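Okay, structure first, notes after.
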Amino acid sequence: MTAATMDFAISPTSRPLPAAEREAVLKEPGFGQTFTDHMVTLRWSAERGWHDGRLEPYGAFTLEPATSVFHYGQALFEGMKAYRRPDGAVTLFRPDANAARFNASARRMAMPELPPEIFVKAVELLVAHDRAWVPEGAGRSLYLRPFMIATDPSLGFTHPSRTFLFCVVASPATAYFGGGTPRPLSVWLSTNYTRAVRGGTGYAKTGGNYAGAFAAGLEATAHGCDQVVWLDAEEHRWAEEMGGMNLFFVHARPGGRPRLTTPPLTGTLLPGITRDSLLTLAPKLGYDAVESPVSIDQWREECASGELTEVFACGTAAVIAPVGTVKSENGQWTVSDGEPGPVTLRLRRELLGIQHGSAPDPEGWVHHVR
Ligand SMILES: *Cc1c(COP(=O)(O)O)cnc(C)c1O
């Protein structure tokens with residue numbers, strides 16, 4: 001099926017949120033709490049493939065208790081944003097990359113792939129109808145959550161579901177961890193728990209990866225930390241990523257080019273689109289950028305020696321968040337003076353500039369919503 005042949009039935013809500021209430025939400029959007037007036041749904045069955053595309057009022061699903069996703073967690077999601085430019089236009093950032101990753105997750109989870117042009121069309125349709133919900137201002141955006149669930153009303157688990165529901169919902173957002181100058185995060189190195197193993201589902205954006213992570217998140221909170229840093233499963237020695245963000249390590253290298261290092265995509269990490277964008281952007285800003293393993297011993301020793309000058313996490317929700325303090329069972333240390341460093345802040349400014357339309361877009365990452 002092509003986008004041209006997938007027509008969505010349009011049933012707008014008769015009761016949109018009154019404009020004054022919407023504007024109040026857009027002033028202080030928070031993250032993922034309020035949803036826009038509409039959602040887009042699309043169904044898949046083994047017999048019919050993708051069908052029954054709709055734009056409809058945001059609202060509850062009715063699903064039988066036996067529905068597959070409730071029991072076996074066959075589900076995946078994406079996370080992306082719509083931005084309002086200074087001239088009022090509304091754009092997406094690399095939606096084709098989200099579509100491609102959605103399908104990579106679908107293959108791993110034995111779920112049907114969605115033709116990328118239909119994925120993008122579904123997202124655009126929702127943004128176009130709920131355009132008034134895209135907030136203005138630096139660090140604000142409309143967070144978009146495309147997802148897919150297995151809907152067979154059957155407890156059989158010898159084969160994957162034969163019916164699926166795809167849906168896109170949208171929620172106005174402030175950059176996670178706040179707009180403005182980002183507050184440095186404290187992170188907990190988790191050695192009691194493992195997020196992902198080789199051959200597992202680490203690279204897929206699937207709910208189970210998060211379900212298994214909450215216990216480690218509670219452990220981090222108990223140690224006074226904001227976030228978990230996951231280590232490799234075999235040795236608990238190599239830094240992999242954070243709960244929903246990838247990691248970058250910065251060596252200032254006085255007299256030379258600063259170097260950014262991010263752990264390689266071994267199949268256990270989520271291949272972030274922000275990560276990929278920064279790997280492309282960094283050399284143009286005069287930084288070296290490499291994908292290479294970083295051990296926690298190196299992290300600690302090079303912070304002590306002053307060679308490792310900045311560490312930050314990156315992802316769609318938070319954009320770029322500096323890491324200030326690192327804690328583990330074997331003690332704690334700070335990265336430099338614990339404050340956001342110049343490379344972190346510059347990359348954040350440059351990326352936000354491209355996304356919000358105040359900087360040029362040489363890579364053609366910005367996608368206008370008609
Ligand atoms: C979504 C996600 C990221 C970041 O991906 P982006 O495309 O940059 O938003 C990183 N790690 C995990 C586990 C994620 O789920």
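Chain identifiers are assigned as A, B, and so on, following the order in which chains appear in the structure tokens; residues are numbered from 1 within each chain, and ligands are numbered from 1 in order of appearance.
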
May I have a table of the residues of chain A lying at most 7 Å from ligand 1, giving each one's closest pair of atoms and their distance in Å to one decimal, counting only C-alpha atoms and all ligand atoms, ordered by chain and ascending residue number, as a tab-separated table?
```
residue	atom	partner	partner_atom_place_in_ligand_line	distance
A:Glu78	CA	ligand 1	1 (C)	7.0
A:Gly79	CA	ligand 1	9 (O)	6.0
A:Met80	CA	ligand 1	9 (O)	6.8
A:Lys205	CA	ligand 1	15 (O)	5.4
A:Glu241	CA	ligand 1	11 (N)	6.5
A:Met242	CA	ligand 1	11 (N)	6.3
A:Gly243	CA	ligand 1	13 (C)	5.1
A:Gly244	CA	ligand 1	12 (C)	3.5
A:Met245	CA	ligand 1	10 (C)	3.6
A:Asn246	CA	ligand 1	10 (C)	4.8
A:Leu269	CA	ligand 1	11 (N)	6.8
A:Leu270	CA	ligand 1	11 (N)	4.7
A:Pro271	CA	ligand 1	5 (O)	6.3
A:Gly272	CA	ligand 1	5 (O)	3.3
A:Ile273	CA	ligand 1	7 (O)	3.6
A:Thr274	CA	ligand 1	8 (O)	3.7
A:Arg275	CA	ligand 1	8 (O)	5.6
A:Cys314	CA	ligand 1	8 (O)	6.2
A:Gly315	CA	ligand 1	8 (O)	3.5
A:Thr316	CA	ligand 1	9 (O)	3.6
A:Ala317	CA	ligand 1	9 (O)	6.3
```

Strand (DSSP E) per DSSP on the backbone: members of region 164-298 of chain A, as a VMD selection string: chain A and resid 164 to 174 185 to 190 227 to 231 239 to 242 246 to 251 259 to 262 288 to 291

For the selection you just gave me, I'd like the residues written to a file as a compact mmCIF listing (two decimals), in the first residue's frame, keeping N, CA, C and O atoms.
```txt
# COMPACT_ATOMS: atom_id res chain seq x y z
N PHE A 164 -3.43 -5.84 14.83
CA PHE A 164 -2.68 -4.79 15.51
C PHE A 164 -3.38 -3.46 15.35
O PHE A 164 -4.10 -3.24 14.37
N LEU A 165 -3.14 -2.59 16.30
CA LEU A 165 -3.66 -1.23 16.26
C LEU A 165 -2.48 -0.27 16.30
O LEU A 165 -1.60 -0.38 17.18
N PHE A 166 -2.43 0.64 15.34
CA PHE A 166 -1.46 1.73 15.32
C PHE A 166 -2.20 3.00 15.71
O PHE A 166 -3.34 3.20 15.28
N CYS A 167 -1.56 3.83 16.49
CA CYS A 167 -2.22 5.06 16.95
C CYS A 167 -1.17 6.15 17.11
O CYS A 167 -0.01 5.86 17.42
N VAL A 168 -1.58 7.39 16.88
CA VAL A 168 -0.71 8.54 17.19
C VAL A 168 -1.48 9.48 18.09
O VAL A 168 -2.62 9.86 17.77
N VAL A 169 -0.88 9.84 19.22
CA VAL A 169 -1.44 10.87 20.10
C VAL A 169 -0.40 11.97 20.27
O VAL A 169 0.78 11.77 19.96
N ALA A 170 -0.83 13.13 20.76
CA ALA A 170 0.06 14.29 20.86
C ALA A 170 -0.17 15.02 22.16
O ALA A 170 -1.30 15.12 22.64
N SER A 171 0.92 15.56 22.71
CA SER A 171 0.86 16.21 24.02
C SER A 171 1.84 17.37 24.04
O SER A 171 3.03 17.18 23.77
N PRO A 172 1.36 18.59 24.34
CA PRO A 172 2.30 19.72 24.38
C PRO A 172 3.34 19.52 25.47
O PRO A 172 3.02 18.96 26.54
N ALA A 173 4.57 19.96 25.21
CA ALA A 173 5.68 19.63 26.11
C ALA A 173 6.67 20.78 26.26
O ALA A 173 6.94 21.51 25.31
N THR A 174 7.23 20.88 27.46
CA THR A 174 8.45 21.64 27.69
C THR A 174 9.56 20.61 27.63
O THR A 174 9.33 19.47 27.99
N LEU A 185 22.29 16.62 35.63
CA LEU A 185 21.68 15.42 36.20
C LEU A 185 22.68 14.70 37.08
O LEU A 185 23.88 14.72 36.84
N SER A 186 22.15 14.00 38.10
CA SER A 186 22.97 13.03 38.83
C SER A 186 22.53 11.65 38.35
O SER A 186 21.34 11.41 38.15
N VAL A 187 23.49 10.78 38.12
CA VAL A 187 23.17 9.47 37.55
C VAL A 187 23.69 8.34 38.43
O VAL A 187 24.70 8.47 39.11
N TRP A 188 22.97 7.24 38.39
CA TRP A 188 23.30 6.04 39.18
C TRP A 188 23.75 4.95 38.21
O TRP A 188 23.05 4.63 37.25
N LEU A 189 24.95 4.40 38.46
CA LEU A 189 25.44 3.30 37.62
C LEU A 189 24.85 2.00 38.14
O LEU A 189 25.16 1.58 39.25
N SER A 190 24.00 1.38 37.36
CA SER A 190 23.25 0.22 37.84
C SER A 190 24.05 -1.06 37.62
O SER A 190 24.37 -1.41 36.50
N GLN A 227 18.65 9.69 37.33
CA GLN A 227 18.54 8.76 36.21
C GLN A 227 19.49 7.58 36.41
O GLN A 227 20.49 7.70 37.12
N VAL A 228 19.19 6.50 35.70
CA VAL A 228 20.04 5.31 35.69
C VAL A 228 20.94 5.36 34.46
O VAL A 228 20.49 5.70 33.38
N VAL A 229 22.21 5.00 34.63
CA VAL A 229 23.06 4.69 33.48
C VAL A 229 23.19 3.18 33.41
O VAL A 229 23.59 2.54 34.40
N TRP A 230 22.81 2.62 32.27
CA TRP A 230 22.88 1.18 32.08
C TRP A 230 24.27 0.78 31.61
O TRP A 230 24.87 1.45 30.77
N LEU A 231 24.75 -0.34 32.16
CA LEU A 231 26.05 -0.87 31.76
C LEU A 231 25.81 -2.14 30.96
O LEU A 231 24.71 -2.69 30.95
N ALA A 239 29.75 1.68 29.73
CA ALA A 239 28.56 2.53 29.78
C ALA A 239 27.78 2.34 28.48
O ALA A 239 28.35 2.39 27.40
N GLU A 240 26.49 2.12 28.59
CA GLU A 240 25.69 1.94 27.38
C GLU A 240 24.81 3.16 27.11
O GLU A 240 25.02 3.88 26.15
N GLU A 241 23.81 3.39 27.94
CA GLU A 241 22.95 4.56 27.72
C GLU A 241 22.17 4.83 28.99
O GLU A 241 22.31 4.13 30.00
N MET A 242 21.28 5.82 28.93
CA MET A 242 20.40 6.10 30.06
C MET A 242 19.02 5.53 29.78
O MET A 242 18.80 4.93 28.75
N ASN A 246 20.63 8.64 25.03
CA ASN A 246 21.98 8.16 24.75
C ASN A 246 23.01 9.06 25.43
O ASN A 246 22.69 10.17 25.83
N LEU A 247 24.24 8.57 25.54
CA LEU A 247 25.29 9.28 26.27
C LEU A 247 26.42 9.73 25.35
O LEU A 247 26.80 9.01 24.42
N PHE A 248 26.95 10.91 25.64
CA PHE A 248 28.15 11.41 24.98
C PHE A 248 29.17 11.83 26.03
O PHE A 248 28.80 12.40 27.06
N PHE A 249 30.45 11.55 25.74
CA PHE A 249 31.57 11.92 26.60
C PHE A 249 32.44 12.91 25.82
O PHE A 249 32.73 12.68 24.64
N VAL A 250 32.82 14.00 26.47
CA VAL A 250 33.58 15.05 25.78
C VAL A 250 34.97 15.18 26.40
O VAL A 250 35.10 15.34 27.62
N HIS A 251 35.98 15.10 25.54
CA HIS A 251 37.37 15.39 25.93
C HIS A 251 37.73 16.73 25.31
O HIS A 251 37.73 16.85 24.07
N ARG A 259 36.93 16.24 21.43
CA ARG A 259 36.44 14.96 20.88
C ARG A 259 35.20 14.49 21.64
O ARG A 259 35.18 14.48 22.87
N LEU A 260 34.18 14.10 20.88
CA LEU A 260 32.97 13.51 21.43
C LEU A 260 33.02 12.00 21.22
O LEU A 260 33.32 11.55 20.11
N THR A 261 32.72 11.24 22.25
CA THR A 261 32.67 9.79 22.13
C THR A 261 31.30 9.31 22.59
O THR A 261 30.82 9.72 23.66
N THR A 262 30.68 8.45 21.79
CA THR A 262 29.41 7.85 22.20
C THR A 262 29.52 6.35 22.00
O THR A 262 30.15 5.88 21.04
N ASP A 288 35.72 16.51 16.85
CA ASP A 288 35.80 15.13 16.37
C ASP A 288 34.66 14.36 17.04
O ASP A 288 34.31 14.65 18.19
N ALA A 289 34.10 13.38 16.35
CA ALA A 289 33.01 12.59 16.94
C ALA A 289 33.24 11.13 16.58
O ALA A 289 33.38 10.80 15.40
N VAL A 290 33.33 10.27 17.59
CA VAL A 290 33.59 8.85 17.35
C VAL A 290 32.60 7.98 18.13
O VAL A 290 32.09 8.38 19.18
N GLU A 291 32.34 6.79 17.58
CA GLU A 291 31.56 5.77 18.27
C GLU A 291 32.54 4.76 18.82
O GLU A 291 33.21 4.06 18.04
```

Residue with smallest distance to Gly338 (chain A) - pool A:Gly207, A:Asp361, A:Arg183, A:Phe214, counting only C-alpha atoms: A:Arg183

Coordinates-based distance that separates CA of Gly88 (chain A) from CA of Glu117 (chain A) (Å, one decimal):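 Taking CA of Glu117 (chain A) as the start and CA of Gly88 (chain A) as the end point, the length is 24.7 Å.
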
Best match for closeness to Trp299 (chain A) among A:Thr268, A:Thr62, A:Ser336, A:Thr181, counting only C-alpha atoms: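 Of all the options, A:Ser336 lies closest to Trp299 (chain A).
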